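So this block is target28.cif, mmCIF, C-alpha atoms:
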data_my_file
loop_
_atom_site.group_PDB
_atom_site.id
_atom_site.type_symbol
_atom_site.label_atom_id
_atom_site.label_comp_id
_atom_site.auth_asym_id
_atom_site.auth_seq_id
_atom_site.Cartn_x
_atom_site.Cartn_y
_atom_site.Cartn_z
ATOM 1 C CA MET R 358 62.354 20.253 54.675
ATOM 2 C CA ASN R 359 60.785 16.948 55.700
ATOM 3 C CA HIS R 360 60.225 16.043 52.041
ATOM 4 C CA LEU R 361 63.969 15.448 51.549
ATOM 5 C CA SER R 362 65.334 11.925 51.565
ATOM 6 C CA PHE R 363 67.666 11.150 54.448
ATOM 7 C CA TYR R 364 67.491 7.358 54.187
ATOM 8 C CA TRP R 365 71.289 7.129 54.368
ATOM 9 C CA LEU R 366 71.486 8.898 57.713
ATOM 10 C CA PRO R 367 71.480 7.113 61.094
ATOM 11 C CA ASP R 368 68.523 7.276 63.460
ATOM 12 C CA ASN R 369 69.954 10.318 65.221
ATOM 13 C CA LYS R 370 69.959 12.333 61.964
ATOM 14 C CA ASP R 371 68.587 15.460 63.673
ATOM 15 C CA LYS R 372 71.532 15.553 66.085
ATOM 16 C CA LEU R 373 73.949 14.976 63.202
ATOM 17 C CA ILE R 374 72.444 17.810 61.170
ATOM 18 C CA GLU R 375 72.484 20.095 64.220
ATOM 19 C CA SER R 376 76.131 19.211 64.803
ATOM 20 C CA LEU R 377 77.039 19.974 61.181
ATOM 21 C CA GLU R 378 75.133 23.256 61.327
ATOM 22 C CA SER R 379 76.969 24.242 64.493
ATOM 23 C CA GLU R 380 80.299 23.315 62.924
ATOM 24 C CA PHE R 381 79.576 25.458 59.874
ATOM 25 C CA ALA R 382 78.357 28.325 62.035
ATOM 26 C CA PHE R 383 81.535 28.178 64.103
ATOM 27 C CA LEU R 384 83.762 28.097 61.019
ATOM 28 C CA VAL R 385 82.062 31.102 59.450
ATOM 29 C CA GLU R 386 81.938 33.184 62.629
ATOM 30 C CA GLN R 387 85.587 32.379 63.366
ATOM 31 C CA SER R 388 86.553 33.322 59.809
ATOM 32 C CA ILE R 389 84.734 36.652 60.048
ATOM 33 C CA GLN R 390 86.305 37.488 63.398
ATOM 34 C CA THR R 391 89.859 36.534 62.380
ATOM 35 C CA GLY R 392 89.629 37.966 58.872
ATOM 36 C CA LYS R 393 90.696 34.731 57.161
ATOM 37 C CA ILE R 394 87.867 34.758 54.631
ATOM 38 C CA SER R 395 86.146 37.528 56.537
ATOM 39 C CA LEU R 396 83.503 39.069 54.367
ATOM 40 C CA PRO R 397 82.755 38.538 50.680
ATOM 41 C CA PRO R 398 85.862 39.693 48.733
ATOM 42 C CA ILE R 399 84.400 42.885 47.326
ATOM 43 C CA PRO R 400 86.461 45.693 45.692
ATOM 44 C CA GLU R 401 88.633 47.850 47.924
ATOM 45 C CA VAL R 402 86.712 50.944 46.828
ATOM 46 C CA VAL R 403 83.538 49.463 48.320
ATOM 47 C CA ILE R 404 85.354 48.804 51.606
ATOM 48 C CA LYS R 405 86.633 52.395 51.624
ATOM 49 C CA ILE R 406 83.137 53.756 51.025
ATOM 50 C CA GLN R 407 81.769 51.628 53.866
ATOM 51 C CA ARG R 408 84.458 53.019 56.177
ATOM 52 C CA LEU R 409 83.770 56.590 55.076
ATOM 53 C CA CYS R 410 80.056 56.158 55.744
ATOM 54 C CA ALA R 411 80.867 54.967 59.252
ATOM 55 C CA SER R 412 82.971 58.079 59.895
ATOM 56 C CA GLU R 413 81.421 61.282 61.219
ATOM 57 C CA ASP R 414 84.051 63.365 59.415
ATOM 58 C CA ALA R 415 83.389 62.099 55.872
ATOM 59 C CA GLY R 416 81.259 63.971 53.364
ATOM 60 C CA ILE R 417 79.889 63.737 49.848
ATOM 61 C CA PRO R 418 83.151 64.923 48.173
ATOM 62 C CA ASP R 419 85.053 62.111 49.946
ATOM 63 C CA ILE R 420 82.682 59.474 48.558
ATOM 64 C CA ALA R 421 82.835 60.992 45.061
ATOM 65 C CA ASN R 422 86.650 61.094 45.134
ATOM 66 C CA CYS R 423 86.736 57.489 46.277
ATOM 67 C CA LEU R 424 84.559 56.404 43.349
ATOM 68 C CA ILE R 425 86.978 57.986 40.880
ATOM 69 C CA ASP R 426 89.360 55.096 41.665
ATOM 70 C CA ASP R 427 86.840 52.604 40.227
ATOM 71 C CA PRO R 428 85.432 53.817 36.875
ATOM 72 C CA SER R 429 82.996 50.898 36.592
ATOM 73 C CA LEU R 430 81.393 51.624 39.985
ATOM 74 C CA ALA R 431 81.409 55.343 39.233
ATOM 75 C CA ALA R 432 79.472 54.619 36.040
ATOM 76 C CA VAL R 433 76.999 52.501 38.023
ATOM 77 C CA ILE R 434 76.379 55.343 40.504
ATOM 78 C CA ILE R 435 75.733 57.886 37.749
ATOM 79 C CA ARG R 436 73.474 55.430 35.897
ATOM 80 C CA VAL R 437 71.514 54.573 39.045
ATOM 81 C CA ALA R 438 71.202 58.250 40.029
ATOM 82 C CA ASN R 439 69.526 58.861 36.652
ATOM 83 C CA SER R 440 67.318 55.757 36.764
ATOM 84 C CA VAL R 441 63.528 55.832 37.064
ATOM 85 C CA ILE R 442 63.485 54.489 40.635
ATOM 86 C CA PHE R 443 66.213 56.736 42.060
ATOM 87 C CA ASN R 444 65.684 59.919 39.988
ATOM 88 C CA ARG R 445 62.270 61.055 41.188
ATOM 89 C CA ARG R 446 62.625 64.616 39.884
ATOM 90 C CA ASN R 447 63.660 63.389 36.426
ATOM 91 C CA ILE R 448 66.676 65.727 36.280
ATOM 92 C CA THR R 449 69.715 64.222 34.572
ATOM 93 C CA CYS R 450 73.096 64.467 36.284
ATOM 94 C CA THR R 451 76.442 63.735 34.643
ATOM 95 C CA ASP R 452 79.029 64.211 37.385
ATOM 96 C CA LEU R 453 79.840 62.020 40.379
ATOM 97 C CA GLN R 454 79.447 64.642 43.094
ATOM 98 C CA THR R 455 75.916 65.498 41.950
ATOM 99 C CA ALA R 456 75.052 61.804 41.693
ATOM 100 C CA VAL R 457 76.333 61.109 45.225
ATOM 101 C CA SER R 458 74.557 64.187 46.544
ATOM 102 C CA ARG R 459 71.276 63.070 44.961
ATOM 103 C CA LEU R 460 71.512 59.529 46.302
ATOM 104 C CA GLY R 461 73.067 60.304 49.672
ATOM 105 C CA MET R 462 76.181 58.739 51.179
ATOM 106 C CA MET R 463 74.467 55.760 52.811
ATOM 107 C CA ARG R 464 72.455 54.950 49.702
ATOM 108 C CA VAL R 465 75.651 55.015 47.614
ATOM 109 C CA ARG R 466 77.166 52.552 50.085
ATOM 110 C CA ASP R 467 74.138 50.285 49.727
ATOM 111 C CA ILE R 468 74.251 50.453 45.919
ATOM 112 C CA VAL R 469 77.960 49.721 45.487
ATOM 113 C CA THR R 470 77.752 46.859 48.008
ATOM 114 C CA ALA R 471 74.740 45.321 46.249
ATOM 115 C CA GLN R 472 76.431 45.722 42.862
ATOM 116 C CA ALA R 473 79.642 44.116 44.123
ATOM 117 C CA ILE R 474 77.797 41.146 45.640
ATOM 118 C CA GLU R 475 75.743 40.677 42.460
ATOM 119 C CA GLN R 476 78.912 40.539 40.351
ATOM 120 C CA LEU R 477 80.605 38.255 42.867
ATOM 121 C CA LYS R 478 77.795 35.713 42.696
ATOM 122 C CA HIS R 479 78.207 35.482 38.928
ATOM 123 C CA SER R 480 82.012 35.420 38.850
ATOM 124 C CA ALA R 481 83.040 33.345 41.892
ATOM 125 C CA ASP R 482 85.818 30.876 41.089
ATOM 126 C CA LEU R 483 84.622 27.899 43.124
ATOM 127 C CA ASN R 484 83.552 24.414 42.079
ATOM 128 C CA GLU R 485 80.555 23.907 39.795
ATOM 129 C CA ASP R 486 78.109 23.109 42.586
ATOM 130 C CA CYS R 487 79.105 26.164 44.648
ATOM 131 C CA ASN R 488 78.979 28.468 41.629
ATOM 132 C CA LYS R 489 75.474 27.258 40.768
ATOM 133 C CA ILE R 490 74.252 27.940 44.314
ATOM 134 C CA LEU R 491 75.514 31.532 44.060
ATOM 135 C CA VAL R 492 74.079 32.131 40.579
ATOM 136 C CA ASP R 493 70.691 30.792 41.727
ATOM 137 C CA SER R 494 70.942 33.085 44.743
ATOM 138 C CA ALA R 495 71.550 36.086 42.462
ATOM 139 C CA VAL R 496 68.400 35.261 40.493
ATOM 140 C CA ASN R 497 66.325 34.789 43.650
ATOM 141 C CA SER R 498 67.650 38.016 45.221
ATOM 142 C CA ARG R 499 66.742 40.068 42.155
ATOM 143 C CA GLU R 500 63.278 38.508 42.076
ATOM 144 C CA LEU R 501 62.679 39.212 45.785
ATOM 145 C CA ALA R 502 64.003 42.768 45.453
ATOM 146 C CA ALA R 503 61.823 43.547 42.433
ATOM 147 C CA THR R 504 58.743 42.062 44.115
ATOM 148 C CA MET R 505 59.427 44.151 47.231
ATOM 149 C CA VAL R 506 59.458 47.242 45.020
ATOM 150 C CA MET R 507 56.140 46.205 43.467
ATOM 151 C CA VAL R 508 54.608 45.674 46.926
ATOM 152 C CA THR R 509 55.932 49.054 48.106
ATOM 153 C CA GLN R 510 54.523 50.799 45.030
ATOM 154 C CA SER R 511 51.119 49.166 45.475
ATOM 155 C CA ILE R 512 50.954 50.030 49.199
ATOM 156 C CA LYS R 513 51.755 53.682 48.526
ATOM 157 C CA GLU R 514 49.306 53.912 45.625
ATOM 158 C CA ASN R 515 46.471 52.371 47.650
ATOM 159 C CA ALA R 516 46.997 54.733 50.604
ATOM 160 C CA LYS R 517 48.346 57.955 49.126
ATOM 161 C CA GLY R 518 50.455 59.947 51.552
ATOM 162 C CA HIS R 519 50.129 57.451 54.390
ATOM 163 C CA TYR R 520 53.241 55.352 53.787
ATOM 164 C CA ASP R 521 55.635 57.872 52.275
ATOM 165 C CA TYR R 522 58.364 56.689 54.643
ATOM 166 C CA LEU R 523 58.598 53.491 52.583
ATOM 167 C CA GLU R 524 61.121 54.020 49.784
ATOM 168 C CA GLU R 525 61.077 51.941 46.607
ATOM 169 C CA GLU R 526 64.841 52.221 46.242
ATOM 170 C CA LYS R 527 65.437 50.961 49.785
ATOM 171 C CA SER R 528 63.063 48.037 49.238
ATOM 172 C CA LEU R 529 65.136 47.108 46.193
ATOM 173 C CA LEU R 530 68.464 47.235 48.045
ATOM 174 C CA VAL R 531 67.173 45.475 51.158
ATOM 175 C CA GLY R 532 65.955 42.616 48.956
ATOM 176 C CA LEU R 533 69.201 42.396 46.998
ATOM 177 C CA LEU R 534 71.281 42.080 50.175
ATOM 178 C CA ALA R 535 68.923 39.814 52.136
ATOM 179 C CA ASP R 536 71.048 36.666 51.713
ATOM 180 C CA ILE R 537 74.477 38.313 51.648
ATOM 181 C CA GLY R 538 75.835 35.783 54.155
ATOM 182 C CA LEU R 539 75.352 32.959 51.663
ATOM 183 C CA PHE R 540 78.677 33.715 49.993
ATOM 184 C CA CYS R 541 80.554 33.157 53.261
ATOM 185 C CA LEU R 542 78.734 29.863 53.804
ATOM 186 C CA VAL R 543 79.307 28.637 50.250
ATOM 187 C CA ASN R 544 82.961 29.616 50.418
ATOM 188 C CA GLU R 545 83.302 27.742 53.709
ATOM 189 C CA TYR R 546 81.624 24.729 52.088
ATOM 190 C CA HIS R 547 84.111 24.940 49.203
ATOM 191 C CA LEU R 548 87.031 24.932 51.678
ATOM 192 C CA TYR R 549 85.377 22.062 53.546
ATOM 193 C CA LEU R 550 85.350 19.988 50.343
ATOM 194 C CA ASP R 551 88.958 20.933 49.558
ATOM 195 C CA LYS R 552 89.979 19.317 52.842
ATOM 196 C CA GLY R 553 88.624 15.977 51.613
ATOM 197 C CA ASN R 554 85.243 16.135 53.358
ATOM 198 C CA TYR R 555 81.935 15.266 51.729
ATOM 199 C CA LEU R 556 78.342 16.324 52.334
ATOM 200 C CA GLU R 557 75.306 15.187 50.372
ATOM 201 C CA HIS R 558 73.860 18.051 48.295
ATOM 202 C CA ASP R 559 70.408 18.098 49.919
ATOM 203 C CA LEU R 560 71.993 18.260 53.358
ATOM 204 C CA VAL R 561 74.250 21.112 52.223
ATOM 205 C CA MET R 562 71.237 23.060 51.000
ATOM 206 C CA GLN R 563 69.449 22.512 54.305
ATOM 207 C CA ILE R 564 72.476 23.768 56.253
ATOM 208 C CA LEU R 565 72.892 26.807 53.989
ATOM 209 C CA ASP R 566 69.205 27.616 54.356
ATOM 210 C CA SER R 567 69.267 27.351 58.157
ATOM 211 C CA ARG R 568 72.529 29.272 58.699
ATOM 212 C CA CYS R 569 72.171 32.011 56.080
ATOM 213 C CA PRO R 570 70.082 34.421 58.221
ATOM 214 C CA GLU R 571 72.543 34.490 61.124
ATOM 215 C CA THR R 572 75.549 34.741 58.804
ATOM 216 C CA SER R 573 73.926 37.556 56.837
ATOM 217 C CA GLU R 574 73.319 39.384 60.110
ATOM 218 C CA LEU R 575 77.018 39.061 60.984
ATOM 219 C CA VAL R 576 78.063 40.476 57.600
ATOM 220 C CA LEU R 577 75.562 43.339 57.600
ATOM 221 C CA ASN R 578 76.404 44.210 61.199
ATOM 222 C CA SER R 579 80.100 44.347 60.411
ATOM 223 C CA TRP R 580 79.337 46.763 57.565
ATOM 224 C CA LYS R 581 77.068 48.906 59.796
ATOM 225 C CA PHE R 582 73.836 48.425 57.835
ATOM 226 C CA ASP R 583 70.679 49.594 59.583
ATOM 227 C CA SER R 584 68.020 47.497 61.292
ATOM 228 C CA ASP R 585 65.771 47.321 58.210
ATOM 229 C CA PHE R 586 68.471 45.352 56.371
ATOM 230 C CA LEU R 587 69.091 43.168 59.430
ATOM 231 C CA GLU R 588 65.399 42.403 59.960
ATOM 232 C CA VAL R 589 64.811 41.285 56.383
ATOM 233 C CA ALA R 590 68.008 39.203 56.354
ATOM 234 C CA THR R 591 67.023 37.419 59.574
ATOM 235 C CA ASN R 592 63.236 37.492 59.048
ATOM 236 C CA LYS R 593 62.658 38.739 62.585
ATOM 237 C CA GLU R 594 62.171 41.991 64.480
ATOM 238 C CA ILE R 595 65.455 43.332 65.847
ATOM 239 C CA ASP R 596 63.981 45.432 68.656
ATOM 240 C CA SER R 597 60.362 44.637 69.483
ATOM 241 C CA ASN R 598 60.333 47.224 72.296
ATOM 242 C CA LYS R 599 60.764 50.285 70.088
ATOM 243 C CA GLU R 600 57.841 51.954 68.350
ATOM 244 C CA ARG R 601 57.434 50.506 64.878
ATOM 245 C CA PRO R 602 55.721 51.941 61.788
ATOM 246 C CA GLU R 603 52.472 50.343 60.667
ATOM 247 C CA ILE R 604 54.197 48.623 57.748
ATOM 248 C CA THR R 605 57.934 47.890 57.911
ATOM 249 C CA TYR R 606 60.397 46.662 55.292
ATOM 250 C CA LEU R 607 60.218 43.297 57.046
ATOM 251 C CA ASP R 608 56.462 43.264 56.383
ATOM 252 C CA VAL R 609 57.103 44.184 52.743
ATOM 253 C CA ALA R 610 59.656 41.359 52.424
ATOM 254 C CA ARG R 611 57.268 38.830 53.947
ATOM 255 C CA MET R 612 54.506 39.898 51.569
ATOM 256 C CA ALA R 613 56.897 39.689 48.618
ATOM 257 C CA ASN R 614 58.050 36.232 49.684
ATOM 258 C CA HIS R 615 54.437 35.099 50.060
ATOM 259 C CA LEU R 616 53.680 36.285 46.530
ATOM 260 C CA LEU R 617 56.675 34.412 45.147
ATOM 261 C CA MET R 618 55.643 31.238 46.988
ATOM 262 C CA PHE R 619 52.177 31.644 45.472
ATOM 263 C CA ARG R 620 53.706 32.051 42.000
ATOM 264 C CA ARG R 621 55.856 28.951 42.430
ATOM 265 C CA LYS R 622 52.915 26.959 43.830
ATOM 266 C CA ASP R 623 55.103 26.205 46.846
ATOM 267 C CA GLU R 624 53.528 23.465 48.965
ATOM 268 C CA ASP R 625 54.647 25.212 52.171
ATOM 269 C CA ILE R 626 52.627 28.359 51.491
ATOM 270 C CA ASP R 627 49.818 27.242 53.817
ATOM 271 C CA GLU R 628 52.280 27.362 56.714
ATOM 272 C CA HIS R 629 53.631 30.777 55.717
ATOM 273 C CA GLN R 630 51.844 33.341 57.877
ATOM 274 C CA VAL R 631 51.856 37.037 56.980
ATOM 275 C CA GLU R 632 50.320 39.635 59.301
ATOM 276 C CA ILE R 633 49.028 42.525 57.193
ATOM 277 C CA ASN R 634 46.564 45.377 57.425
ATOM 278 C CA THR R 635 43.912 46.279 54.854
ATOM 279 C CA THR R 636 46.371 48.194 52.670
ATOM 280 C CA GLY R 637 48.771 45.269 52.649
ATOM 281 C CA ALA R 638 45.940 42.893 51.779
ATOM 282 C CA GLU R 639 44.976 45.108 48.827
ATOM 283 C CA ALA R 640 48.568 45.046 47.592
ATOM 284 C CA LEU R 641 48.738 41.251 47.877
ATOM 285 C CA TYR R 642 45.416 40.867 46.068
ATOM 286 C CA GLU R 643 46.425 43.233 43.276
ATOM 287 C CA ILE R 644 49.786 41.617 42.551
ATOM 288 C CA SER R 645 48.628 38.025 42.996
ATOM 289 C CA ASN R 646 45.992 38.608 40.317
ATOM 290 C CA LEU R 647 48.556 39.534 37.686
ATOM 291 C CA SER R 648 49.052 36.916 34.994
ATOM 292 C CA GLU R 649 52.421 35.170 34.972
ATOM 293 C CA THR R 650 53.426 37.131 31.881
ATOM 294 C CA GLU R 651 52.415 40.443 33.470
ATOM 295 C CA PHE R 652 54.211 39.610 36.704
ATOM 296 C CA ARG R 653 57.454 38.632 34.968
ATOM 297 C CA SER R 654 57.279 41.739 32.804
ATOM 298 C CA ARG R 655 56.907 43.980 35.865
ATOM 299 C CA VAL R 656 59.800 42.254 37.648
ATOM 300 C CA SER R 657 61.974 42.858 34.593
ATOM 301 C CA ASP R 658 60.807 46.487 34.357
ATOM 302 C CA VAL R 659 61.741 47.137 38.001
ATOM 303 C CA ILE R 660 65.279 45.775 37.567
ATOM 304 C CA GLN R 661 65.730 47.745 34.357
ATOM 305 C CA ALA R 662 64.334 50.900 35.960
ATOM 306 C CA SER R 663 66.788 50.608 38.861
ATOM 307 C CA GLY R 664 69.877 51.018 36.718
ATOM 308 C CA LEU R 665 71.532 48.064 38.468
#
Please rewrite the model in this file as structure tokens.
Amino acid sequence: MNHLSFYWLPDNKDKLIESLESEFAFLVEQSIQTGKISLPPIPEVVIKIQRLCASEDAGIPDIANCLIDDPSLAAVIIRVANSVIFNRRNITCTDLQTAVSRLGMMRVRDIVTAQAIEQLKHSADLNEDCNKILVDSAVNSRELAATMVMVTQSIKENAKGHYDYLEEEKSLLVGLLADIGLFCLVNEYHLYLDKGNYLEHDLVMQILDSRCPETSELVLNSWKFDSDFLEVATNKEIDSNKERPEITYLDVARMANHLLMFRRKDEDIDEHQVEINTTGAEALYEISNLSETEFRSRVSDVIQASGL
């Protein structure tokens, strides 16, 4: 971020920024622990489903019954269960229990959480600057998620049968929830302004960018999401000692991000290192050679095919 103008800051600007980052981090972590703003204010049904998924006694009928209390989310689950990405056998289902059974309890949790966060980013009642940050985040999340699906598809097509453990639907959901902690940070920023404080916009964006990974990890951990979600949100390996597959969702996310930087002609792309094998390189080459029109069309097709 050295291209930003900090001419108005004192000579010890790095210490000031670090202090502000630490202050924001403390505020958010304290809020999550005390429950004051806690997690993004998602529907109660989503919270119930998250609790059910964390319980060893819950089953598919419990999740289906819970969804009945929220007709809009129930409709989303049935639509997603019949979508191109999630309905691999191309068999239409019309009832909730079949839809939940097809998707699985944990996948339903992921879907309703992603849907709730997506809606929240577009409907948050904050100030104009905060709302714009969240709307931009929604656009970026969808673009990352769709590109992760494209990378996953290309990897599996180029090495048939070798990477079947990679799921297109999980790539989509991991990408959609990668910056979930941003809402907590933006909400804390909104409260910070309400108390009469002021921060220059560029500095705010730098703080949000630096603190989002750790805050997202806190949110995802509190909702019991698995390590694939945590790794992509934090852009780091959670447990380097355990045996890892040849290509992980973190690798897919890094490849997708590299492709998006390439598309945007981002000046920092030369410093963005991605470790990939031959199959990954083929996927990068294939997608990077799409025209801008073709790329945008495929991104749109992926989102439409997901049912979200």
Next on the checklist: I want to know what sits within 6 Å of stretch 451-466 of chain R, based on only C-alpha atoms, with residues of the same chain fewer than 6 positions away left out; could you give that as a PyMOL selection string?
Outcome noted: chain R and resi 421+435+438
Each stretch 415-521 of chain R residue no farther than 10 Å from stretch 532-553 of chain R, nearest pair in Å, only C-alpha atoms, as a Markdown table:
| residue | atom | partner | partner_atom | distance |
| --- | --- | --- | --- | --- |
| R:Asp467 | CA | R:Leu534 | CA | 8.7 |
| R:Ile468 | CA | R:Leu533 | CA | 9.6 |
| R:Thr470 | CA | R:Leu534 | CA | 8.3 |
| R:Ala471 | CA | R:Leu534 | CA | 6.2 |
| R:Gln472 | CA | R:Leu533 | CA | 9.0 |
| R:Ile474 | CA | R:Ile537 | CA | 7.4 |
| R:Glu475 | CA | R:Leu533 | CA | 8.1 |
| R:Leu477 | CA | R:Phe540 | CA | 8.7 |
| R:Lys478 | CA | R:Phe540 | CA | 7.6 |
| R:Ala481 | CA | R:Phe540 | CA | 9.2 |
| R:Asp482 | CA | R:Asn544 | CA | 9.8 |
| R:Leu483 | CA | R:His547 | CA | 6.8 |
| R:Asn484 | CA | R:His547 | CA | 7.2 |
| R:Asp486 | CA | R:His547 | CA | 9.1 |
| R:Cys487 | CA | R:Val543 | CA | 6.1 |
| R:Asn488 | CA | R:Val543 | CA | 8.6 |
| R:Ile490 | CA | R:Val543 | CA | 7.8 |
| R:Leu491 | CA | R:Phe540 | CA | 7.1 |
| R:Ser494 | CA | R:Asp536 | CA | 7.8 |
| R:Ala495 | CA | R:Leu533 | CA | 8.1 |
| R:Val496 | CA | R:Leu533 | CA | 9.7 |
| R:Asn497 | CA | R:Leu533 | CA | 8.8 |
| R:Ser498 | CA | R:Leu533 | CA | 5.0 |
| R:Arg499 | CA | R:Leu533 | CA | 5.9 |
| R:Glu500 | CA | R:Gly532 | CA | 8.4 |
| R:Leu501 | CA | R:Gly532 | CA | 5.7 |
| R:Ala502 | CA | R:Gly532 | CA | 4.0 |
| R:Ala503 | CA | R:Gly532 | CA | 7.8 |
| R:Thr504 | CA | R:Gly532 | CA | 8.7 |
| R:Met505 | CA | R:Gly532 | CA | 6.9 |
| R:Val506 | CA | R:Gly532 | CA | 8.9 |
Dump C-alpha atoms for the selected residues as a PDB file, in the frame of the given file?
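selection-v9.pdb, written as the output of this step:
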ATOM      1  CA  ASP R 467      74.138  50.285  49.727  1.00  0.00           C
ATOM      2  CA  ILE R 468      74.251  50.453  45.919  1.00  0.00           C
ATOM      3  CA  THR R 470      77.752  46.859  48.008  1.00  0.00           C
ATOM      4  CA  ALA R 471      74.740  45.321  46.249  1.00  0.00           C
ATOM      5  CA  GLN R 472      76.431  45.722  42.862  1.00  0.00           C
ATOM      6  CA  ILE R 474      77.797  41.146  45.640  1.00  0.00           C
ATOM      7  CA  GLU R 475      75.743  40.677  42.460  1.00  0.00           C
ATOM      8  CA  LEU R 477      80.605  38.255  42.867  1.00  0.00           C
ATOM      9  CA  LYS R 478      77.795  35.713  42.696  1.00  0.00           C
ATOM     10  CA  ALA R 481      83.040  33.345  41.892  1.00  0.00           C
ATOM     11  CA  ASP R 482      85.818  30.876  41.089  1.00  0.00           C
ATOM     12  CA  LEU R 483      84.622  27.899  43.124  1.00  0.00           C
ATOM     13  CA  ASN R 484      83.552  24.414  42.079  1.00  0.00           C
ATOM     14  CA  ASP R 486      78.109  23.109  42.586  1.00  0.00           C
ATOM     15  CA  CYS R 487      79.105  26.164  44.648  1.00  0.00           C
ATOM     16  CA  ASN R 488      78.979  28.468  41.629  1.00  0.00           C
ATOM     17  CA  ILE R 490      74.252  27.940  44.314  1.00  0.00           C
ATOM     18  CA  LEU R 491      75.514  31.532  44.060  1.00  0.00           C
ATOM     19  CA  SER R 494      70.942  33.085  44.743  1.00  0.00           C
ATOM     20  CA  ALA R 495      71.550  36.086  42.462  1.00  0.00           C
ATOM     21  CA  VAL R 496      68.400  35.261  40.493  1.00  0.00           C
ATOM     22  CA  ASN R 497      66.325  34.789  43.650  1.00  0.00           C
ATOM     23  CA  SER R 498      67.650  38.016  45.221  1.00  0.00           C
ATOM     24  CA  ARG R 499      66.742  40.068  42.155  1.00  0.00           C
ATOM     25  CA  GLU R 500      63.278  38.508  42.076  1.00  0.00           C
ATOM     26  CA  LEU R 501      62.679  39.212  45.785  1.00  0.00           C
ATOM     27  CA  ALA R 502      64.003  42.768  45.453  1.00  0.00           C
ATOM     28  CA  ALA R 503      61.823  43.547  42.433  1.00  0.00           C
ATOM     29  CA  THR R 504      58.743  42.062  44.115  1.00  0.00           C
ATOM     30  CA  MET R 505      59.427  44.151  47.231  1.00  0.00           C
ATOM     31  CA  VAL R 506      59.458  47.242  45.020  1.00  0.00           C
TER      32      VAL R 506
END
Can you pull out every residue within 9 Å of R:Glu588, counting only C-alpha atoms, but drop anything in the same chain fewer than 6 positions away, and send it as a short mmCIF file (atom, residue, chain, number, x, y, z; two decimals) with C-alpha atoms, in the coordinates of the input?
data_model
loop_
_atom_site.label_atom_id
_atom_site.label_comp_id
_atom_site.auth_asym_id
_atom_site.auth_seq_id
_atom_site.Cartn_x
_atom_site.Cartn_y
_atom_site.Cartn_z
CA ALA R 535 68.92 39.81 52.14
CA GLU R 574 73.32 39.38 60.11
CA GLU R 594 62.17 41.99 64.48
CA ILE R 595 65.46 43.33 65.85
CA TYR R 606 60.40 46.66 55.29
CA LEU R 607 60.22 43.30 57.05
#
